[in-house]
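One structure below.
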Amino acid sequence: MRLLPITSLQPGMRLARKIFNDEGVILLKEGAELSAGIIRKLYNHGLDYVYIQDKDTDDVTANDIVSAETKRKALKEIRTHFSSIADPRVQKSSYPIIGKTFTGIVDSILMELSDNPEVMVMLMSMHTKDHYLYHHSLNVCIYTLLLGKVHGYSVDELRVLGIGSLLHDVGKAHIPNEILFKPGLLTDDEYNTIKLHTEYGFKILKDEPGIPLLAAHCAYQHHERLNGSGYPRGLTEPDIHEYAKWIGIADSYDALTTSRVYRAAMLPHQALDVLYSGSGTLYDRSMLEVFKSRIAIYPIGVTVTLSNGYKGVVVHIHTAIPQRPIVRILFNEAGERLQAPFDLDLLAHHSVMITAVEGMNAHMPSPTV
């Protein structure tokens with residue numbers, strides 16, 4: 001399989017993996033042939049990348065961090081409970097008890113992460129973006145739990161971290177959609193309204209049965225930054241809980257690698273560069289190093305150009321050194337398709353570098369947003 005941005009798709013290509021909508025329902029099955037109309041619909045639905053079939057990489061597979069079934073069930077619960085919280089007709093006293101539900105989601109994710117201790121963070125944008133908030137909440141939870149496991153937190157600590165990360169943006173349920181999904185630049189007043197989601201989230205969660213108070217503080221603090229430039233309280237490094245620091249990194253990364261109404265998505269190496277531009281001022285350096293060690297900077301299936309002029313597809317990632325993958329060379333330096341593609345291990349060829357990645361040349365916004 002090959003991973004291609006929507007903008008590179010051509011009619012006649014066939015999908016290598018299913019595409020789901022925001023409720024986890026399959027929209028297109030594996031092997032579905034793409035037409036111009038289908039490609040246009042995928043673009044309009046906000047997909048960033050899809051996997052396509054390719055005879056030279058049909059032995060290449062990219063494993064999900066968490067199974068499609070677990071994600072489907074989680075998204076359904078997130079949608080149900082967030083919608084209830086957003087409904088002005090529902091009084092807080094009649095909110096469903098969300099603690100048990102979201103603890104169950106976190107436990108399911110932790111179980112799957114435990115089954116694969118060497119798992120790497122891959123792109124997680126193979127769903128439509130009809131409801132960005134739901135997918136973003138789940139992605140941030142998965143990323144944060146993976147980081148927490150690498151860091152060495154206990155199961156009980158991971159459970160609190162997972163609930164806090166899964167519900168970090170729950171306060172956005174109280175932000176008007178016309179502001180939350182505005183396609184243009186926000187006014188100062190609108191941006192100030194957006195920032196209120198941290199306070200709303202804390203108020204929603206702090207007295208909720210089954211939700212640890214620390215999880216509520218994750219919702220409150222995930223936009224705080226080490227140098228005091230964050231919100232809502234402008235806290236500095238000593239006063240920001242470490243769980244909120246982990247969530248802040250995962251939250252920023254997922255936002256940067258997902259297309260939004262106001263900008264295109266970045267590829268992982270671009271997003272990582274943005275995060276590192278805030279190392280020590282916005283984000284904790286040691287935490288960024290842990291994150292970098294688990295990021296598939298060049299995801300399996302992505303097309304790359306090398307410093308020797310060759311062009312090919314990433315087919316394997318070395319867990320210890322993910323920035324030096326194995327690349328299957330498909331084109332020579334003249335751009336001609338090879339009759340006999342071959343694998344080049346960049347870990348064994350130190351002079352060869354990746355110089356370009358096929359994807360979107362996205363504008364890089366400030367990582368403080």
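Note on naming: chains are A, B, ... as they come in the structure tokens, residues start from 1 per chain, ligands start from 1 in the order shown.
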Could you give me, as a tab-separated table, a per-residue list for range 270-333 of chain A showing, wherever an atom lies at most 12 Å from an atom of range 37-51 of chain A, the closest pair of atoms and their distance in Å to one decimal, using only C-alpha atoms and sorting by chain then residue number from low to high?
residue	atom	partner	partner_atom	distance
A:Pro299	CA	A:Tyr51	CA	11.3
A:Ile300	CA	A:Tyr51	CA	10.1
A:Gly301	CA	A:Tyr51	CA	7.6
A:Val302	CA	A:Tyr51	CA	9.2
A:Thr303	CA	A:Tyr51	CA	11.5
Report summary line: Residue with the minimum atom-to-atom distance to His316 in chain A, picked from A:Lys203, A:Val304, A:Thr61, A:Glu178 with only C-alpha atoms counted, is A:Thr61
Query raised in the report: Which residues in range 135-335 of chain A does DSSP call helix (DSSP H, G or I)? List them as a ChimeraX atom specification.
Result: /A:135-151,155-166,170-174,177-180,188-195,197-205,213-221,237-239,242-256,268-276,285-293
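Distance-wise, CA of Asp345 in chain A and CA of Val60 in chain A end up 15.1 Å apart.
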Query raised in the report: DSSP says strand (DSSP E or B) for which residues of range 227-334 of chain A? Put them as a PyMOL selection string?
Result: chain A and resi 227+236+260+263+279+283+295+302-306+311-316+326-331
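Closest approach to Leu330 in chain A among A:Asp115, A:Asp54, A:Glu30, A:Asp169 is made by A:Asp54 (distances from only C-alpha atoms).
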